[in-house]
>>> print(open('entry.cif').read())   # mmCIF, C-alpha atoms
data_protein
#
loop_
_atom_site.label_atom_id
_atom_site.label_comp_id
_atom_site.auth_asym_id
_atom_site.auth_seq_id
_atom_site.Cartn_x
_atom_site.Cartn_y
_atom_site.Cartn_z
CA MET F 1 49.88 76.34 183.14
CA VAL F 2 46.71 74.70 181.76
CA SER F 3 43.22 76.19 181.91
CA GLU F 4 40.16 74.17 182.88
CA ALA F 5 39.41 73.64 179.17
CA GLY F 6 42.88 72.21 178.62
CA THR F 7 44.15 75.31 176.81
CA GLU F 8 47.79 76.18 177.56
CA LEU F 9 48.46 79.60 179.12
CA HIS F 10 51.73 81.48 178.64
CA THR F 11 52.86 85.00 179.40
CA ALA F 12 52.66 87.18 176.31
CA GLY F 13 56.25 88.48 176.47
CA HIS F 14 57.77 90.20 173.45
CA ASN F 15 58.22 89.75 169.72
CA TRP F 16 61.24 87.88 168.36
CA ALA F 17 63.30 91.05 167.80
CA GLY F 18 62.60 92.32 171.32
CA ASN F 19 61.56 95.80 170.21
CA LEU F 20 58.03 95.53 171.65
CA ARG F 21 56.22 93.81 174.49
CA TYR F 22 52.66 92.65 173.94
CA ALA F 23 49.97 94.41 175.96
CA ALA F 24 48.07 91.19 176.75
CA ALA F 25 48.87 89.52 180.04
CA GLU F 26 48.91 86.03 178.54
CA VAL F 27 48.73 83.95 175.38
CA LEU F 28 46.20 81.14 175.12
CA GLU F 29 47.20 78.08 173.08
CA PRO F 30 44.23 75.86 172.18
CA THR F 31 44.96 72.31 171.07
CA THR F 32 41.81 71.83 168.97
CA VAL F 33 39.69 73.97 166.65
CA ALA F 34 36.75 73.45 169.03
CA GLU F 35 38.75 75.02 171.87
CA LEU F 36 39.71 77.87 169.55
CA GLN F 37 36.05 78.45 168.70
CA ASP F 38 35.14 78.68 172.37
CA LEU F 39 37.96 81.15 173.05
CA VAL F 40 36.98 83.39 170.15
CA ALA F 41 33.28 83.32 171.00
CA GLY F 42 33.96 84.24 174.64
CA ALA F 43 36.42 87.05 174.04
CA THR F 44 35.65 90.75 173.88
CA LYS F 45 38.91 91.64 172.13
CA LEU F 46 41.18 89.02 170.55
CA ARG F 47 44.16 88.82 168.21
CA SER F 48 45.90 85.81 166.73
CA LEU F 49 49.66 85.68 167.37
CA GLY F 50 51.84 83.97 164.78
CA SER F 51 55.58 83.37 165.07
CA ARG F 52 56.11 86.87 166.58
CA HIS F 53 58.04 88.05 163.55
CA SER F 54 56.14 91.33 163.12
CA PHE F 55 58.04 94.46 164.07
CA ASN F 56 54.98 96.64 164.67
CA ARG F 57 51.86 96.12 166.80
CA ILE F 58 49.73 94.44 164.14
CA ALA F 59 49.34 91.33 166.37
CA ASP F 60 48.96 93.17 169.67
CA THR F 61 45.91 93.57 171.90
CA ALA F 62 45.14 94.39 175.50
CA GLY F 63 42.52 91.66 175.30
CA THR F 64 43.15 87.99 174.50
CA LEU F 65 46.13 86.78 172.49
CA VAL F 66 45.75 83.31 170.97
CA SER F 67 48.49 81.21 169.39
CA LEU F 68 47.90 78.21 167.12
CA GLU F 69 51.31 76.64 167.74
CA ARG F 70 49.84 73.74 169.72
CA LEU F 71 47.34 72.80 167.03
CA ALA F 72 48.66 69.71 165.26
CA PRO F 73 50.30 70.66 161.93
CA ALA F 74 48.06 68.03 160.25
CA ILE F 75 49.87 68.30 156.92
CA GLU F 76 47.50 66.63 154.45
CA VAL F 77 48.49 66.37 150.79
CA ASP F 78 45.83 65.95 148.11
CA PRO F 79 47.76 64.54 145.10
CA ALA F 80 44.77 64.82 142.78
CA ALA F 81 44.16 68.50 143.51
CA MET F 82 47.91 69.21 143.99
CA THR F 83 47.24 71.00 147.27
CA VAL F 84 48.29 70.66 150.90
CA THR F 85 46.18 71.63 153.92
CA VAL F 86 47.87 72.70 157.18
CA SER F 87 46.90 74.33 160.46
CA GLY F 88 47.51 78.07 160.60
CA GLY F 89 50.28 77.86 163.19
CA THR F 90 52.44 75.51 161.12
CA ARG F 91 55.85 76.96 160.30
CA TYR F 92 57.08 76.99 156.73
CA GLY F 93 60.22 75.07 157.63
CA THR F 94 58.14 72.22 159.07
CA LEU F 95 55.81 72.21 156.06
CA ALA F 96 58.66 72.38 153.53
CA ALA F 97 60.49 69.41 155.06
CA GLU F 98 57.37 67.25 155.00
CA LEU F 99 56.44 68.23 151.45
CA GLN F 100 59.96 67.45 150.27
CA ARG F 101 59.78 64.07 152.03
CA GLN F 102 56.64 63.29 150.04
CA GLY F 103 58.04 64.59 146.74
CA TYR F 104 56.27 67.95 146.56
CA ALA F 105 57.14 71.65 146.75
CA LEU F 106 55.73 75.12 147.31
CA HIS F 107 56.39 77.71 144.63
CA ASN F 108 58.51 79.83 146.95
CA LEU F 109 59.64 80.55 150.51
CA ALA F 110 60.41 83.74 152.40
CA SER F 111 63.93 84.41 153.63
CA LEU F 112 63.07 82.82 157.00
CA PRO F 113 61.57 79.31 157.26
CA HIS F 114 60.74 79.99 160.92
CA ILE F 115 57.56 82.01 160.22
CA SER F 116 54.03 80.66 160.51
CA VAL F 117 51.94 80.01 157.41
CA ALA F 118 48.88 81.96 158.60
CA GLY F 119 50.91 84.97 159.76
CA ALA F 120 52.95 85.18 156.58
CA VAL F 121 49.88 84.88 154.38
CA ALA F 122 47.92 87.46 156.40
CA THR F 123 50.63 90.09 155.81
CA ALA F 124 51.52 89.15 152.19
CA THR F 125 55.05 88.09 153.10
CA HIS F 126 57.13 87.03 150.10
CA GLY F 127 60.28 85.58 148.65
CA SER F 128 61.68 86.77 145.33
CA GLY F 129 61.41 86.07 141.61
CA ASP F 130 60.02 88.00 138.65
CA ARG F 131 57.37 85.34 138.01
CA ASN F 132 56.73 84.37 141.64
CA GLY F 133 53.77 85.75 143.52
CA ASN F 134 54.04 86.34 147.25
CA LEU F 135 53.30 83.44 149.62
CA ALA F 136 49.62 84.36 149.87
CA THR F 137 49.12 83.68 146.15
CA ALA F 138 49.51 79.95 146.84
CA VAL F 139 46.38 79.93 149.02
CA ALA F 140 43.60 77.89 147.40
CA GLY F 141 41.33 77.91 150.45
CA LEU F 142 41.17 78.80 154.12
CA GLU F 143 39.16 78.07 157.24
CA LEU F 144 38.34 81.05 159.42
CA VAL F 145 36.98 81.10 162.97
CA THR F 146 34.74 84.16 162.97
CA ALA F 147 33.77 86.53 165.77
CA ASP F 148 30.80 84.43 166.93
CA GLY F 149 32.94 81.28 167.13
CA GLY F 150 31.59 79.83 163.90
CA VAL F 151 33.76 78.37 161.15
CA LEU F 152 33.74 79.88 157.66
CA THR F 153 35.42 77.99 154.81
CA VAL F 154 36.20 79.80 151.55
CA ARG F 155 37.84 78.68 148.31
CA ARG F 156 39.57 80.46 145.48
CA GLY F 157 37.02 81.86 143.06
CA GLU F 158 34.29 82.39 145.65
CA PRO F 159 32.99 85.89 146.43
CA ASP F 160 35.30 87.92 148.69
CA PHE F 161 38.02 85.24 148.66
CA ASP F 162 40.57 87.73 147.32
CA GLY F 163 39.78 90.00 150.26
CA MET F 164 40.10 87.27 152.88
CA VAL F 165 43.59 85.94 152.14
CA VAL F 166 45.74 88.95 153.05
CA ASN F 167 43.46 89.59 156.00
CA LEU F 168 45.69 91.33 158.60
CA GLY F 169 43.97 89.23 161.26
CA ALA F 170 40.96 91.55 161.17
CA LEU F 171 38.41 89.04 159.83
CA GLY F 172 38.87 86.18 162.28
CA VAL F 173 41.43 83.52 163.24
CA VAL F 174 42.69 81.42 160.32
CA SER F 175 42.67 77.87 161.69
CA SER F 176 43.81 76.13 158.49
CA LEU F 177 44.93 76.90 154.95
CA THR F 178 45.01 74.94 151.70
CA LEU F 179 48.00 75.77 149.49
CA ASP F 180 48.93 74.95 145.90
CA ILE F 181 51.85 72.55 145.53
CA GLU F 182 53.91 71.19 142.64
CA PRO F 183 56.40 68.36 142.16
CA THR F 184 59.65 68.82 144.05
CA PHE F 185 62.49 70.53 142.18
CA PRO F 186 66.21 71.14 142.79
CA VAL F 187 67.73 74.58 143.32
CA SER F 188 71.33 75.77 143.30
CA GLN F 189 72.34 78.99 145.01
CA THR F 190 75.23 81.19 143.92
CA VAL F 191 76.36 84.45 145.51
CA PHE F 192 78.11 87.18 143.51
CA GLU F 193 79.92 90.03 145.21
CA ASP F 194 80.80 93.64 144.47
CA LEU F 195 78.48 94.35 141.53
CA GLY F 196 78.50 97.80 139.94
CA TRP F 197 75.41 99.92 140.56
CA ASP F 198 75.54 101.44 137.07
CA GLN F 199 75.64 98.04 135.39
CA VAL F 200 72.82 96.69 137.52
CA LEU F 201 70.51 99.65 136.96
CA GLU F 202 71.21 99.76 133.22
CA ASN F 203 70.32 96.06 133.01
CA PHE F 204 67.84 95.73 135.87
CA ASP F 205 65.46 93.39 134.03
CA GLY F 206 68.37 91.20 133.00
CA VAL F 207 69.64 91.02 136.56
CA THR F 208 66.34 90.06 138.18
CA SER F 209 65.42 87.56 135.44
CA SER F 210 68.77 85.77 135.62
CA ALA F 211 67.51 83.14 138.09
CA TYR F 212 64.32 81.73 139.57
CA SER F 213 64.83 84.01 142.59
CA VAL F 214 67.24 86.95 142.83
CA SER F 215 68.09 89.10 145.86
CA LEU F 216 70.41 92.09 145.87
CA PHE F 217 72.00 93.15 149.18
CA THR F 218 73.30 96.68 149.68
CA ASP F 219 73.73 99.45 152.25
CA TRP F 220 72.86 102.06 149.56
CA SER F 221 76.27 103.77 149.76
CA GLY F 222 78.98 104.01 147.13
CA ASP F 223 78.97 102.75 143.55
CA ARG F 224 79.00 99.00 144.29
CA ILE F 225 76.36 96.52 145.46
CA GLY F 226 77.52 94.13 148.17
CA GLN F 227 75.97 90.83 147.05
CA ALA F 228 73.60 89.22 144.56
CA TRP F 229 72.03 85.89 145.59
CA LEU F 230 70.84 83.78 142.65
CA LYS F 231 68.59 80.80 143.38
CA SER F 232 68.34 78.80 140.16
CA ARG F 233 66.31 75.84 139.10
CA PRO F 234 68.52 73.45 137.08
CA VAL F 235 71.10 75.52 135.22
CA PRO F 236 73.69 74.01 132.83
CA ALA F 237 77.30 74.25 134.00
CA GLU F 238 78.22 76.37 131.00
CA ALA F 239 75.52 78.92 131.92
CA ILE F 240 76.96 79.20 135.43
CA ALA F 241 80.42 79.71 133.96
CA GLU F 242 79.09 82.57 131.82
CA ARG F 243 78.03 84.36 135.00
CA ALA F 244 81.62 84.68 136.21
CA GLY F 245 81.51 88.41 135.55
CA PHE F 246 77.90 88.85 136.60
CA PHE F 247 77.26 92.58 136.01
CA GLY F 248 80.68 93.49 137.34
CA GLY F 249 80.57 91.03 140.25
CA SER F 250 82.51 87.88 141.00
CA PRO F 251 81.33 84.57 142.53
CA ALA F 252 81.89 84.19 146.27
CA LYS F 253 84.48 81.57 147.19
CA GLU F 254 82.90 80.65 150.54
CA PRO F 255 79.41 80.85 152.10
CA ARG F 256 78.22 84.41 152.71
CA HIS F 257 75.76 86.03 155.09
CA PRO F 258 73.88 89.14 153.90
CA ILE F 259 75.14 91.12 156.91
CA ALA F 260 78.85 91.96 156.86
CA GLY F 261 80.86 90.20 159.55
CA VAL F 262 78.25 87.50 160.28
CA PRO F 263 79.35 83.94 159.37
CA GLY F 264 77.59 82.33 156.40
CA THR F 265 77.21 79.05 158.27
CA THR F 266 73.66 79.99 159.36
CA CYS F 267 72.59 80.44 155.73
CA THR F 268 71.29 77.87 153.27
CA GLN F 269 73.78 76.02 151.03
CA GLN F 270 75.53 78.22 148.45
CA LEU F 271 78.48 77.81 146.05
CA GLY F 272 76.21 76.42 143.31
CA VAL F 273 75.67 73.07 145.03
CA PRO F 274 72.28 71.68 143.89
CA GLY F 275 69.79 70.56 146.53
CA PRO F 276 66.09 70.42 147.34
CA TRP F 277 64.02 73.58 147.05
CA SER F 278 63.23 73.21 150.76
CA ASP F 279 66.91 73.76 151.63
CA ARG F 280 67.65 76.58 149.18
CA LEU F 281 64.71 78.97 148.62
CA ALA F 282 64.94 80.45 152.13
CA HIS F 283 68.07 82.43 153.01
CA PHE F 284 68.46 80.99 156.50
CA ARG F 285 68.48 77.50 157.97
CA MET F 286 65.66 76.42 160.25
CA GLU F 287 68.03 75.17 162.94
CA PHE F 288 69.76 78.55 163.46
CA THR F 289 68.65 81.95 164.77
CA PRO F 290 67.14 83.67 161.76
CA SER F 291 68.95 86.64 160.23
CA LYS F 292 70.69 88.52 163.09
CA GLY F 293 67.94 88.42 165.70
CA ASP F 294 68.09 91.80 167.44
CA GLU F 295 67.15 93.91 164.41
CA LEU F 296 64.26 96.02 163.15
CA GLN F 297 62.77 95.80 159.68
CA SER F 298 60.88 97.97 157.20
CA GLU F 299 59.97 97.34 153.57
CA TYR F 300 58.38 99.30 150.75
CA LEU F 301 57.07 97.71 147.56
CA VAL F 302 56.93 99.82 144.41
CA PRO F 303 55.44 99.01 141.00
CA ARG F 304 58.02 97.40 138.74
CA GLU F 305 57.86 100.28 136.27
CA HIS F 306 59.30 102.61 138.93
CA ALA F 307 62.00 100.26 140.18
CA VAL F 308 65.08 102.09 138.94
CA ASP F 309 63.80 105.54 139.96
CA ALA F 310 62.85 104.28 143.43
CA ILE F 311 66.26 102.65 143.87
CA GLN F 312 67.98 105.88 142.87
CA ALA F 313 65.82 107.74 145.40
CA MET F 314 66.99 105.37 148.13
CA ARG F 315 70.61 105.90 147.11
CA ARG F 316 70.12 109.65 147.51
CA LEU F 317 69.03 109.00 151.11
CA SER F 318 72.18 107.04 151.92
CA HIS F 319 73.46 109.76 154.28
CA LEU F 320 70.39 109.16 156.49
CA VAL F 321 69.79 105.46 155.94
CA THR F 322 73.20 103.80 155.78
CA PRO F 323 74.34 104.66 159.35
CA LEU F 324 71.21 102.93 160.74
CA LEU F 325 71.37 99.83 158.54
CA LEU F 326 72.58 96.30 159.00
CA VAL F 327 71.73 95.59 155.36
CA SER F 328 69.07 96.23 152.74
CA GLU F 329 67.60 93.73 150.25
CA ILE F 330 66.02 94.28 146.83
CA ARG F 331 63.63 91.58 145.58
CA THR F 332 60.96 91.21 142.88
CA MET F 333 57.41 89.76 142.96
CA ALA F 334 54.68 89.05 140.42
CA ALA F 335 51.33 90.83 140.45
CA ASP F 336 48.27 89.33 142.15
CA SER F 337 44.58 90.05 142.76
CA LEU F 338 44.53 89.95 146.59
CA TRP F 339 42.92 93.15 147.83
CA LEU F 340 45.44 94.21 150.49
CA SER F 341 48.51 92.66 148.91
CA PRO F 342 51.23 95.24 148.19
CA ASN F 343 51.50 93.45 144.83
CA TYR F 344 47.83 93.98 143.99
CA GLY F 345 47.53 94.66 140.28
CA THR F 346 51.23 95.21 139.62
CA ASP F 347 54.55 93.42 139.42
CA SER F 348 56.61 94.86 142.25
CA VAL F 349 60.08 95.50 143.56
CA GLY F 350 60.59 95.29 147.31
CA LEU F 351 63.04 97.63 149.04
CA HIS F 352 63.69 95.93 152.36
CA LEU F 353 65.61 97.54 155.22
CA THR F 354 67.10 95.59 158.12
CA TRP F 355 67.86 98.20 160.76
CA ARG F 356 70.06 98.30 163.81
CA GLN F 357 67.89 98.24 166.92
CA ASP F 358 67.57 101.97 167.45
CA GLN F 359 63.82 102.44 167.11
CA PRO F 360 63.63 106.20 167.79
CA ALA F 361 66.23 106.89 165.09
CA VAL F 362 64.55 104.50 162.64
CA GLU F 363 61.11 105.96 163.24
CA ALA F 364 62.53 109.45 162.66
CA VAL F 365 63.79 108.54 159.19
CA LEU F 366 60.71 106.56 158.03
CA PRO F 367 58.64 109.67 157.12
CA VAL F 368 61.55 110.93 155.01
CA ILE F 369 61.81 107.62 153.15
CA GLU F 370 58.05 107.46 152.61
CA ALA F 371 57.95 111.02 151.26
CA GLU F 372 60.76 110.21 148.84
CA LEU F 373 59.04 107.03 147.63
CA ALA F 374 55.51 108.48 147.55
CA PRO F 375 55.68 109.52 143.86
CA PHE F 376 56.19 105.86 143.00
CA GLY F 377 53.13 104.55 144.86
CA ALA F 378 55.19 102.66 147.46
CA ARG F 379 53.15 100.29 149.65
CA PRO F 380 54.63 99.25 153.01
CA HIS F 381 54.87 95.66 154.23
CA TRP F 382 52.06 95.23 156.75
CA GLY F 383 54.19 93.46 159.37
CA LYS F 384 57.14 95.84 159.45
CA LEU F 385 57.80 99.38 160.70
CA PHE F 386 56.26 102.19 158.67
CA ASP F 387 54.80 105.63 159.33
CA GLY F 388 51.78 106.09 157.04
CA ASP F 389 48.20 105.90 158.31
CA ALA F 390 44.89 104.95 156.68
CA SER F 391 44.52 108.29 154.91
CA ARG F 392 47.79 107.71 153.05
CA LEU F 393 47.39 103.97 152.51
CA ALA F 394 43.80 103.90 151.22
CA PRO F 395 44.57 105.60 147.86
CA LEU F 396 47.24 102.97 147.15
CA TYR F 397 44.77 100.05 147.24
CA PRO F 398 41.82 100.07 144.80
CA ARG F 399 39.91 97.56 146.99
CA PHE F 400 40.67 99.21 150.34
CA ALA F 401 37.06 100.27 150.93
CA ASP F 402 35.84 96.80 149.93
CA TYR F 403 38.14 95.24 152.52
CA LYS F 404 36.84 97.56 155.24
CA ALA F 405 33.25 96.71 154.31
CA LEU F 406 34.12 92.98 154.45
CA ALA F 407 35.61 93.43 157.93
CA ASP F 408 32.54 95.34 159.08
CA ARG F 409 30.34 92.49 157.88
CA LEU F 410 32.37 89.65 159.41
CA ASP F 411 33.29 91.46 162.63
CA PRO F 412 30.66 94.16 163.25
CA GLU F 413 31.69 94.68 166.88
CA GLY F 414 35.40 95.05 166.06
CA LYS F 415 36.50 92.08 168.17
CA PHE F 416 39.63 91.54 166.06
CA ARG F 417 40.64 95.19 165.74
CA ASN F 418 43.38 96.92 167.67
CA ASP F 419 45.09 100.31 167.77
CA PHE F 420 47.33 99.42 164.83
CA LEU F 421 44.39 98.50 162.56
CA ASP F 422 42.34 101.47 163.72
CA THR F 423 45.20 103.77 162.70
CA LYS F 424 46.47 102.06 159.56
CA VAL F 425 43.27 100.66 158.04
CA PHE F 426 39.99 101.74 159.62
CA GLY F 427 40.94 105.36 160.20
CA SER F 428 39.39 105.62 163.64
#
>>> encode(input="entry.cif", output="structure tokens")
Amino acid sequence: MVSEAGTELHTAGHNWAGNLRYAAAEVLEPTTVAELQDLVAGATKLRSLGSRHSFNRIADTAGTLVSLERLAPAIEVDPAAMTVTVSGGTRYGTLAAELQRQGYALHNLASLPHISVAGAVATATHGSGDRNGNLATAVAGLELVTADGGVLTVRRGEPDFDGMVVNLGALGVVSSLTLDIEPTFPVSQTVFEDLGWDQVLENFDGVTSSAYSVSLFTDWSGDRIGQAWLKSRPVPAEAIAERAGFFGGSPAKEPRHPIAGVPGTTCTQQLGVPGPWSDRLAHFRMEFTPSKGDELQSEYLVPREHAVDAIQAMRRLSHLVTPLLLVSEIRTMAADSLWLSPNYGTDSVGLHLTWRQDQPAVEAVLPVIEAELAPFGARPHWGKLFDGDASRLAPLYPRFADYKALADRLDPEGKFRNDFLDTKVFGS
């Protein structure tokens, strides 16, 4: 269906995991920024919907839902500045393929290439790597359609920029972003299996620094870790050979999937075969259903200094957590200065949980996990399931009050707020 203004109309439906249905009756899909401005200016309540990969109601509204998927990707590389500018609805897989075609790269990708740039940035979504910031740290500038339908452009270094990047959709609709790029680079991916927990925890820094990006997959039970995924920029053959006994593990002989029993054919190339960053830094291939599909997700990010203690705490909860899990992933991220980033001011370790789709059971165990991780200052991923409200989150973010003041200034009538933000951020 097409509106009189030419904007596409679609039923709102549900998120990609199917665990929630959006409250809005329809999703509007403008084809130009001018159409988007008109929609925003005319709405009473509005939220921007990305690739529907959030597991909570951060993107929901009973008002107007707007998607940027029909805005042209308009991928524009600036070789002099080493940046690329894209529309907010562009998916990382689309952007990565085009950058690789032109000889450029992003510093990192999340596990799924299917997610939108604006949505991932707004929630501080990340990949892994001791020296790699989350995806939002690549943002050099953004264009924001504000509550009155105007366009606000901000650049890195300008006042309030660090508060506007990880924005939770509460400041306006991000119509385009400018990201840092670098020359393309090759990556090889090797999976090791059956690592010993004791060896990994005794040498945690050595494990996570052993490649450009490292992910550990576990179900938290027993004395062994299921898999370690190492994504390496060029590594000499002799160095790979030295990893044969990688902290008690052994190299996989065929492609693996993080979830037991799922074929590895949907995952990016493994077995140490070098290839472009665009085909290796994500875990899953763009042309396949990401991960498992009908799952739930939670994640808690703890300061690096507490990594081992937080991991041990999760292991003690195995009797509650393991029966509900498909798999859990441990990743690392570098510190940043973005106000609502879970990595604000500290290098972090992410404890990610991919749950079976039993939401009542998962929601029952979340308060237990959060209480166990509270002594370590654990910050939840904004787009995944968690229990804490604004009273518990505010002390974890030194610039929390500054962000709320920024939102009040840019959106004084609360056009972009919803029940989720009222509970988790604004405390109303």
>>> closest_atom_pairs(input="entry.cif", of="stretch 260-374 of chain F", to="stretch 220-234 of chain F", cutoff="7 Å", atoms="all atoms listed in the file", output="JSON lines")
{"residue": "F:Leu281", "atom": "CA", "partner": "F:Lys231", "partner_atom": "CA", "distance": 6.8}
{"residue": "F:Met314", "atom": "CA", "partner": "F:Trp220", "partner_atom": "CA", "distance": 6.9}
{"residue": "F:Arg315", "atom": "CA", "partner": "F:Trp220", "partner_atom": "CA", "distance": 5.1}
{"residue": "F:Ser318", "atom": "CA", "partner": "F:Trp220", "partner_atom": "CA", "distance": 5.6}
{"residue": "F:Thr322", "atom": "CA", "partner": "F:Trp220", "partner_atom": "CA", "distance": 6.5}
>>> write_last_selection(input="entry.cif", atoms="C-alpha atoms", output="mmCIF file, in the frame of the given file")
data_model
loop_
_atom_site.group_PDB
_atom_site.id
_atom_site.type_symbol
_atom_site.label_atom_id
_atom_site.label_comp_id
_atom_site.auth_asym_id
_atom_site.auth_seq_id
_atom_site.Cartn_x
_atom_site.Cartn_y
_atom_site.Cartn_z
ATOM 1 C CA LEU F 281 64.710 78.970 148.620
ATOM 2 C CA MET F 314 66.990 105.370 148.130
ATOM 3 C CA ARG F 315 70.610 105.900 147.110
ATOM 4 C CA SER F 318 72.180 107.040 151.920
ATOM 5 C CA THR F 322 73.200 103.800 155.780
#
>>> closest_residue(input="entry.cif", among="F:Ser116, F:Gln297, F:Thr137, F:Gln189", to="F:Leu49", atoms="all atoms listed in the file")
F:Ser116
>>> atom_distance(input="entry.cif", atom1="atom CA of F:Ala62", atom2="atom CA of F:Pro342")
28.0 Å
>>> residues_around(input="entry.cif", residues="F:Ala72", least_positions_apart="5", cutoff="10 Å", atoms="only C-alpha atoms", output="list in words")
Thr31, Thr32, Val86, Ser87, Gly88, Gly89 and Thr90 of chain F
>>> closest_residue(input="entry.cif", among="F:Ala118, F:Val173, F:Ala335, F:Cys267", to="F:Ala41", atoms="only C-alpha atoms")
F:Val173
>>> atom_distance(input="entry.cif", atom1="atom CA of F:His257", atom2="atom CA of F:Gln359")
23.6 Å
>>> resolve_selection(input="entry.cif", expression="the PyMOL selection byres ((chain F and resi 333) around 10)", output="PyMOL selection string")
chain F and resi 126-134+213+301+303-304+331-332+334-336+342-343+346-350
>>> atom_distance(input="entry.cif", atom1="atom CA of F:Ala371", atom2="atom CA of F:Gly388")
9.8 Å
>>> residues_near_point(input="entry.cif", point="(61.7, 90.3, 168.2)", cutoff="8 Å", atoms="only C-alpha atoms", output="mmCIF file with C-alpha atoms, keeping the file's coordinate frame")
data_model
loop_
_atom_site.group_PDB
_atom_site.id
_atom_site.type_symbol
_atom_site.label_atom_id
_atom_site.label_comp_id
_atom_site.auth_asym_id
_atom_site.auth_seq_id
_atom_site.Cartn_x
_atom_site.Cartn_y
_atom_site.Cartn_z
ATOM 1 C CA HIS F 14 57.770 90.200 173.450
ATOM 2 C CA ASN F 15 58.220 89.750 169.720
ATOM 3 C CA TRP F 16 61.240 87.880 168.360
ATOM 4 C CA ALA F 17 63.300 91.050 167.800
ATOM 5 C CA GLY F 18 62.600 92.320 171.320
ATOM 6 C CA ASN F 19 61.560 95.800 170.210
ATOM 7 C CA LEU F 20 58.030 95.530 171.650
ATOM 8 C CA ARG F 52 56.110 86.870 166.580
ATOM 9 C CA HIS F 53 58.040 88.050 163.550
ATOM 10 C CA SER F 54 56.140 91.330 163.120
ATOM 11 C CA PHE F 55 58.040 94.460 164.070
ATOM 12 C CA GLY F 293 67.940 88.420 165.700
ATOM 13 C CA ASP F 294 68.090 91.800 167.440
ATOM 14 C CA GLU F 295 67.150 93.910 164.410
#
>>> resolve_selection(input="entry.cif", expression="the PyMOL selection byres ((chain F and resi 426) around 12)", output="list of chain:residue names")
F:Leu168, F:Ala170, F:Asp389, F:Ala390, F:Ser391, F:Arg392, F:Leu393, F:Ala394, F:Phe400, F:Ala401, F:Asp402, F:Tyr403, F:Lys404, F:Ala405, F:Leu406, F:Ala407, F:Asp408, F:Gly414, F:Arg417, F:Asn418, F:Asp419, F:Phe420, F:Leu421, F:Asp422, F:Thr423, F:Lys424, F:Val425, F:Gly427, F:Ser428
>>> closest_residue(input="entry.cif", among="F:Glu35, F:Val165, F:Val77, F:Val117", to="F:Arg101", atoms="all atoms listed in the file")
F:Val77
>>> closest_residue(input="entry.cif", among="F:Val191, F:Leu216, F:Leu338, F:Val207", to="F:Gly272", atoms="all atoms listed in the file")
F:Val191
>>> resolve_selection(input="entry.cif", expression="the PyMOL selection byres ((chain F and resi 30) around 7)", output="MDAnalysis selection string")
chainID F and resid 7:8 28:29 31:32 35:36 68 70:71
>>> write_last_selection(input="entry.cif", atoms="C-alpha atoms", output="mmCIF file, keeping the file's coordinate frame")
data_model
loop_
_atom_site.group_PDB
_atom_site.id
_atom_site.type_symbol
_atom_site.label_atom_id
_atom_site.label_comp_id
_atom_site.auth_asym_id
_atom_site.auth_seq_id
_atom_site.Cartn_x
_atom_site.Cartn_y
_atom_site.Cartn_z
ATOM 1 C CA THR F 7 44.150 75.310 176.810
ATOM 2 C CA GLU F 8 47.790 76.180 177.560
ATOM 3 C CA LEU F 28 46.200 81.140 175.120
ATOM 4 C CA GLU F 29 47.200 78.080 173.080
ATOM 5 C CA THR F 31 44.960 72.310 171.070
ATOM 6 C CA THR F 32 41.810 71.830 168.970
ATOM 7 C CA GLU F 35 38.750 75.020 171.870
ATOM 8 C CA LEU F 36 39.710 77.870 169.550
ATOM 9 C CA LEU F 68 47.900 78.210 167.120
ATOM 10 C CA ARG F 70 49.840 73.740 169.720
ATOM 11 C CA LEU F 71 47.340 72.800 167.030
#
>>> residues_around(input="entry.cif", residues="F:Glu299", least_positions_apart="6", cutoff="7 Å", atoms="only C-alpha atoms", output="JSON, numbers by chain")
{"F": [350, 351, 352, 353, 380, 381, 384]}
>>> write_last_selection(input="entry.cif", atoms="C-alpha atoms", output="PDB file, in the frame of the given file")
ATOM      1  CA  GLY F 350      60.590  95.290 147.310  1.00  0.00           C
ATOM      2  CA  LEU F 351      63.040  97.630 149.040  1.00  0.00           C
ATOM      3  CA  HIS F 352      63.690  95.930 152.360  1.00  0.00           C
ATOM      4  CA  LEU F 353      65.610  97.540 155.220  1.00  0.00           C
ATOM      5  CA  PRO F 380      54.630  99.250 153.010  1.00  0.00           C
ATOM      6  CA  HIS F 381      54.870  95.660 154.230  1.00  0.00           C
ATOM      7  CA  LYS F 384      57.140  95.840 159.450  1.00  0.00           C
TER       8      LYS F 384
END
>>> residues_around(input="entry.cif", residues="stretch 144-158 of chain F", least_positions_apart="2", cutoff="6 Å", atoms="only C-alpha atoms", output="number ranges by chain")
F: 37, 40-41, 140-142, 161, 172-175, 411
>>> residues_around(input="entry.cif", residues="F:Arg399", least_positions_apart="6", cutoff="9 Å", atoms="all atoms listed in the file", output="list of chain:residue names")
F:Gly163, F:Leu338, F:Trp339, F:Leu340
>>> residues_around(input="entry.cif", residues="stretch 245-252 of chain F", least_positions_apart="6", cutoff="6 Å", atoms="all atoms listed in the file", output="PyMOL selection string")
chain F and resi 191-196+199
>>> write_last_selection(input="entry.cif", atoms="C-alpha atoms", output="PDB file, in the frame of the given file")
ATOM      1  CA  VAL F 191      76.360  84.450 145.510  1.00  0.00           C
ATOM      2  CA  PHE F 192      78.110  87.180 143.510  1.00  0.00           C
ATOM      3  CA  GLU F 193      79.920  90.030 145.210  1.00  0.00           C
ATOM      4  CA  ASP F 194      80.800  93.640 144.470  1.00  0.00           C
ATOM      5  CA  LEU F 195      78.480  94.350 141.530  1.00  0.00           C
ATOM      6  CA  GLY F 196      78.500  97.800 139.940  1.00  0.00           C
ATOM      7  CA  GLN F 199      75.640  98.040 135.390  1.00  0.00           C
TER       8      GLN F 199
END
